[in-house]
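Participant: Next up is a structure, given as structure tokens.
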Amino acid sequence: MSGNTAPSPTTPARLTLGSRGSPLALRQTHEVRDRLAAAWPELAGAIAVQEIRTTGDAVRDRPLAEIGGKGLFIKEIEQALMAGQIDAAVHSMKDMETTIAPASVLVAVLPREDPRDAWLSPIADRVDDLPSGAKIGTASVRRAAQVLNRRPDLQVVLFRGNVDTRLRKLAEGEVAGTFLAAAGLSRLGMLDKATRILEVDEMLPAVSQGAIGVQCRDGEASARDAEIRNWLSILDDRPSRLRVTAERAMLATLDGSCRTPIAGHATLGGARLTLSGMVFSLDGQSSHGAVDTSATDDPEALGRTVGEAILARGGRNFLAV
């Protein structure tokens, strides 16, 4: 653990939130803190933020797939939660595995930001405008596969680090362009850095992209845990929860690894939920997709239906990468 944002000495912490230490992760955690304080005035000034250094942040010179996957951004935070060192964990939902720690619960999904990807390039307004052989920087197999599906003549190179690091590398000319989540740029007040925001038919987003999740112990073990769950549950946004649940159920059905390019995007229209999903080969040259719509009463069933449709078209061997 590498730092702590604590209440004033005269106001002891009544609730401690655990977070990665990146500027974006802390911005998201402060949003949770501020929403909690607004909902529960008695907590104002009494919520601490504990920064936790994760393996995913510590190792930046290799693809996540080589060191254990995107779950490495939450592993240590979950451990601190279950050890009682923090009261709740704040995550980017797209970093969460489909199975979370036993005796814990995803108690809230905050109102979701724009789930789309942003394109950043000093030389081209669109990927299609890049010269042949140009380098695209990304650490995402999903983004890489969709780029290569559209432009197999481009080079895709590893590009990791926080938002500021990636912007610096882009400005220094290491690559001709890169992608970042529009939600992250927006939360950091840096959306103006984007060359353009990509529509979902240009690049299908990551499952749960743009959503913040709050995880706590399930409340069965103690009155204290039940109180914490009660405080946090008020933050849950039903439309965002429905969309994220459907997308995560599709991902769980596909059972793809961090090496598998999978994309999913759910939309809510009145009493209907629509989910689009796709899976790509690593080189982007093959893909299978499905779209379905259902009532909002069982988003998990919709996710399973779309996942099973993709499996029927591609087969499980397609995911064995």
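Chain lettering (A, B, ...) mirrors the order of the structure tokens, residue numbering begins at 1 for each chain separately, and ligand numbering begins at 1 in order of display.
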Which parts of range 55-260 of chain A does DSSP call alpha helix (DSSP H) when run on the backbone here, written out as an MDAnalysis selection string?
Facilitator: chainID A and resid 55:58 64:67 75:82 141:150 163:171 182:187 223:233 238:254
Participant: Residues as selected, C-alpha atoms, written as a PDB file, in the first residue's frame, can you do that?
Facilitator:
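Output file part_22.pdb follows:
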ATOM      1  CA  THR A  55       0.690  -5.971  -9.772  1.00  0.00           C
ATOM      2  CA  GLY A  56      -0.923  -4.616 -12.917  1.00  0.00           C
ATOM      3  CA  ASP A  57       0.413  -1.151 -12.087  1.00  0.00           C
ATOM      4  CA  ALA A  58       3.836  -2.389 -10.996  1.00  0.00           C
ATOM      5  CA  LEU A  64      -1.168  -8.222 -19.133  1.00  0.00           C
ATOM      6  CA  ALA A  65      -1.863 -11.589 -20.756  1.00  0.00           C
ATOM      7  CA  GLU A  66       1.707 -12.665 -19.974  1.00  0.00           C
ATOM      8  CA  ILE A  67       1.557 -11.806 -16.267  1.00  0.00           C
ATOM      9  CA  LYS A  75      -6.169  -8.699  -6.931  1.00  0.00           C
ATOM     10  CA  GLU A  76      -4.395  -6.837  -4.137  1.00  0.00           C
ATOM     11  CA  ILE A  77      -7.383  -4.567  -3.554  1.00  0.00           C
ATOM     12  CA  GLU A  78      -9.674  -7.565  -3.124  1.00  0.00           C
ATOM     13  CA  GLN A  79      -7.164  -9.113  -0.724  1.00  0.00           C
ATOM     14  CA  ALA A  80      -7.145  -5.942   1.378  1.00  0.00           C
ATOM     15  CA  LEU A  81     -10.948  -5.942   1.387  1.00  0.00           C
ATOM     16  CA  MET A  82     -11.275  -9.520   2.553  1.00  0.00           C
ATOM     17  CA  VAL A 141      -6.104  -7.321 -27.603  1.00  0.00           C
ATOM     18  CA  ARG A 142      -9.680  -6.175 -28.310  1.00  0.00           C
ATOM     19  CA  ARG A 143      -8.555  -2.874 -29.801  1.00  0.00           C
ATOM     20  CA  ALA A 144      -5.643  -4.483 -31.637  1.00  0.00           C
ATOM     21  CA  ALA A 145      -7.871  -7.105 -33.255  1.00  0.00           C
ATOM     22  CA  GLN A 146     -10.422  -4.531 -34.406  1.00  0.00           C
ATOM     23  CA  VAL A 147      -7.683  -2.330 -35.866  1.00  0.00           C
ATOM     24  CA  LEU A 148      -6.175  -5.277 -37.749  1.00  0.00           C
ATOM     25  CA  ASN A 149      -9.617  -6.348 -38.918  1.00  0.00           C
ATOM     26  CA  ARG A 150      -9.985  -2.929 -40.550  1.00  0.00           C
ATOM     27  CA  VAL A 163      -3.164   8.269 -19.324  1.00  0.00           C
ATOM     28  CA  ASP A 164      -0.400  10.857 -18.894  1.00  0.00           C
ATOM     29  CA  THR A 165       2.280   8.310 -19.816  1.00  0.00           C
ATOM     30  CA  ARG A 166       0.489   7.285 -22.977  1.00  0.00           C
ATOM     31  CA  LEU A 167      -0.109  10.884 -24.021  1.00  0.00           C
ATOM     32  CA  ARG A 168       3.586  11.645 -23.517  1.00  0.00           C
ATOM     33  CA  LYS A 169       4.642   8.622 -25.601  1.00  0.00           C
ATOM     34  CA  LEU A 170       2.221   9.673 -28.327  1.00  0.00           C
ATOM     35  CA  ALA A 171       3.565  13.241 -28.338  1.00  0.00           C
ATOM     36  CA  ALA A 182     -13.598   8.211 -23.578  1.00  0.00           C
ATOM     37  CA  ALA A 183     -14.870   7.827 -20.003  1.00  0.00           C
ATOM     38  CA  GLY A 184     -11.389   8.018 -18.522  1.00  0.00           C
ATOM     39  CA  LEU A 185     -10.496  11.120 -20.494  1.00  0.00           C
ATOM     40  CA  SER A 186     -13.785  12.737 -19.493  1.00  0.00           C
ATOM     41  CA  ARG A 187     -13.304  12.010 -15.788  1.00  0.00           C
ATOM     42  CA  ALA A 223     -23.351  -5.888  11.755  1.00  0.00           C
ATOM     43  CA  ARG A 224     -20.529  -3.582  10.688  1.00  0.00           C
ATOM     44  CA  ASP A 225     -20.352  -5.183   7.222  1.00  0.00           C
ATOM     45  CA  ALA A 226     -24.138  -4.958   6.918  1.00  0.00           C
ATOM     46  CA  GLU A 227     -23.987  -1.246   7.771  1.00  0.00           C
ATOM     47  CA  ILE A 228     -21.315  -0.650   5.123  1.00  0.00           C
ATOM     48  CA  ARG A 229     -23.356  -2.504   2.523  1.00  0.00           C
ATOM     49  CA  ASN A 230     -26.391  -0.402   3.416  1.00  0.00           C
ATOM     50  CA  TRP A 231     -24.421   2.828   2.983  1.00  0.00           C
ATOM     51  CA  LEU A 232     -23.006   1.788  -0.375  1.00  0.00           C
ATOM     52  CA  SER A 233     -26.118   0.246  -1.913  1.00  0.00           C
ATOM     53  CA  ARG A 238     -30.235   0.539 -12.082  1.00  0.00           C
ATOM     54  CA  PRO A 239     -29.834   1.360 -15.811  1.00  0.00           C
ATOM     55  CA  SER A 240     -26.050   1.050 -15.548  1.00  0.00           C
ATOM     56  CA  ARG A 241     -26.359  -2.144 -13.499  1.00  0.00           C
ATOM     57  CA  LEU A 242     -28.635  -3.726 -16.126  1.00  0.00           C
ATOM     58  CA  ARG A 243     -26.261  -2.948 -18.987  1.00  0.00           C
ATOM     59  CA  VAL A 244     -23.150  -4.076 -17.135  1.00  0.00           C
ATOM     60  CA  THR A 245     -24.830  -7.284 -15.905  1.00  0.00           C
ATOM     61  CA  ALA A 246     -25.810  -8.297 -19.433  1.00  0.00           C
ATOM     62  CA  GLU A 247     -22.327  -7.588 -20.800  1.00  0.00           C
ATOM     63  CA  ARG A 248     -20.589  -9.474 -17.987  1.00  0.00           C
ATOM     64  CA  ALA A 249     -22.920 -12.468 -18.372  1.00  0.00           C
ATOM     65  CA  MET A 250     -21.989 -12.646 -22.052  1.00  0.00           C
ATOM     66  CA  LEU A 251     -18.297 -12.523 -21.142  1.00  0.00           C
ATOM     67  CA  ALA A 252     -18.751 -15.276 -18.547  1.00  0.00           C
ATOM     68  CA  THR A 253     -20.563 -17.455 -21.094  1.00  0.00           C
ATOM     69  CA  LEU A 254     -17.772 -17.017 -23.610  1.00  0.00           C
TER      70      LEU A 254
END
Participant: Within 10 Å of Ile197 in chain A, counting only C-alpha atoms, which residues qualify if same-chain residues fewer than 5 places away don't, as number ranges by chain?
Facilitator: A: 114, 116-120, 179-182, 191, 202-203
Participant: Restricting the calculation to only C-alpha atoms: of A:Gly270, A:Gly18, A:Gly264, A:Gly315, which residue gets closest to Asp292 in chain A?
Facilitator: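 The answer is A:Gly264, which sits nearest to Asp292 in chain A.
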Participant: Would you mind telling me which residue in A:Leu110, A:Thr178, A:Gly314, A:Gly84 lies nearest to Ala124 in chain A when using only C-alpha atoms?
Facilitator: A:Thr178
Participant: Would you kindly return, as JSON, numbers by chain, each protein, DNA or RNA residue with an atom no farther than 8 Å from any atom of Thr296 in chain A, considering only C-alpha atoms and excluding same-chain residues fewer than 6 positions away?
Facilitator: {"A": [242, 271, 272, 273]}
Participant: Keeping N, CA and C atoms, export the residues of the selection given above as a short mmCIF file (atom, residue, chain, number, x, y, z; two decimals), in the first residue's frame.
Facilitator:
data_model
loop_
_atom_site.label_atom_id
_atom_site.label_comp_id
_atom_site.auth_asym_id
_atom_site.auth_seq_id
_atom_site.Cartn_x
_atom_site.Cartn_y
_atom_site.Cartn_z
N LEU A 242 -28.05 -2.83 -15.13
CA LEU A 242 -28.63 -3.73 -16.13
C LEU A 242 -27.69 -3.94 -17.31
N ALA A 271 -38.32 -0.28 -21.84
CA ALA A 271 -38.31 -1.53 -21.07
C ALA A 271 -37.56 -2.64 -21.78
N ARG A 272 -36.73 -2.29 -22.78
CA ARG A 272 -36.00 -3.29 -23.56
C ARG A 272 -34.50 -3.06 -23.44
N LEU A 273 -33.79 -4.17 -23.36
CA LEU A 273 -32.34 -4.16 -23.25
C LEU A 273 -31.78 -4.86 -24.48
#
Participant: Report the residues of range 198-252 of chain A whose backbone DSSP state falls under strand (DSSP E or B), written as a PyMOL selection string.
Facilitator: chain A and resi 212-217
Participant: Take the selection from the previous step and output its residues with N, CA and C atoms, as a PDB file, in the first residue's frame.
Facilitator:
ATOM      1  N   ILE A 212     -18.041   2.326 -13.130  1.00  0.00           N
ATOM      2  CA  ILE A 212     -17.328   2.201 -11.854  1.00  0.00           C
ATOM      3  C   ILE A 212     -18.123   1.261 -10.961  1.00  0.00           C
ATOM      4  N   GLY A 213     -17.440   0.268 -10.391  1.00  0.00           N
ATOM      5  CA  GLY A 213     -18.090  -0.665  -9.488  1.00  0.00           C
ATOM      6  C   GLY A 213     -17.551  -0.540  -8.077  1.00  0.00           C
ATOM      7  N   VAL A 214     -18.410  -0.789  -7.095  1.00  0.00           N
ATOM      8  CA  VAL A 214     -18.002  -0.769  -5.688  1.00  0.00           C
ATOM      9  C   VAL A 214     -18.268  -2.152  -5.102  1.00  0.00           C
ATOM     10  N   GLN A 215     -17.239  -2.741  -4.537  1.00  0.00           N
ATOM     11  CA  GLN A 215     -17.291  -4.087  -3.974  1.00  0.00           C
ATOM     12  C   GLN A 215     -17.116  -4.013  -2.461  1.00  0.00           C
ATOM     13  N   CYS A 216     -17.920  -4.776  -1.725  1.00  0.00           N
ATOM     14  CA  CYS A 216     -17.755  -4.823  -0.275  1.00  0.00           C
ATOM     15  C   CYS A 216     -17.972  -6.257   0.198  1.00  0.00           C
ATOM     16  N   ARG A 217     -17.689  -6.507   1.465  1.00  0.00           N
ATOM     17  CA  ARG A 217     -17.999  -7.814   2.030  1.00  0.00           C
ATOM     18  C   ARG A 217     -19.516  -7.982   2.038  1.00  0.00           C
TER      19      ARG A 217
END
Participant: Report the distance between CA of Ala44 in chain A and CA of Ser22 in chain A in Å, rounded to one decimal place.
Facilitator: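 CA of Ser22 in chain A lies at a distance of 23.6 Å from CA of Ala44 in chain A.
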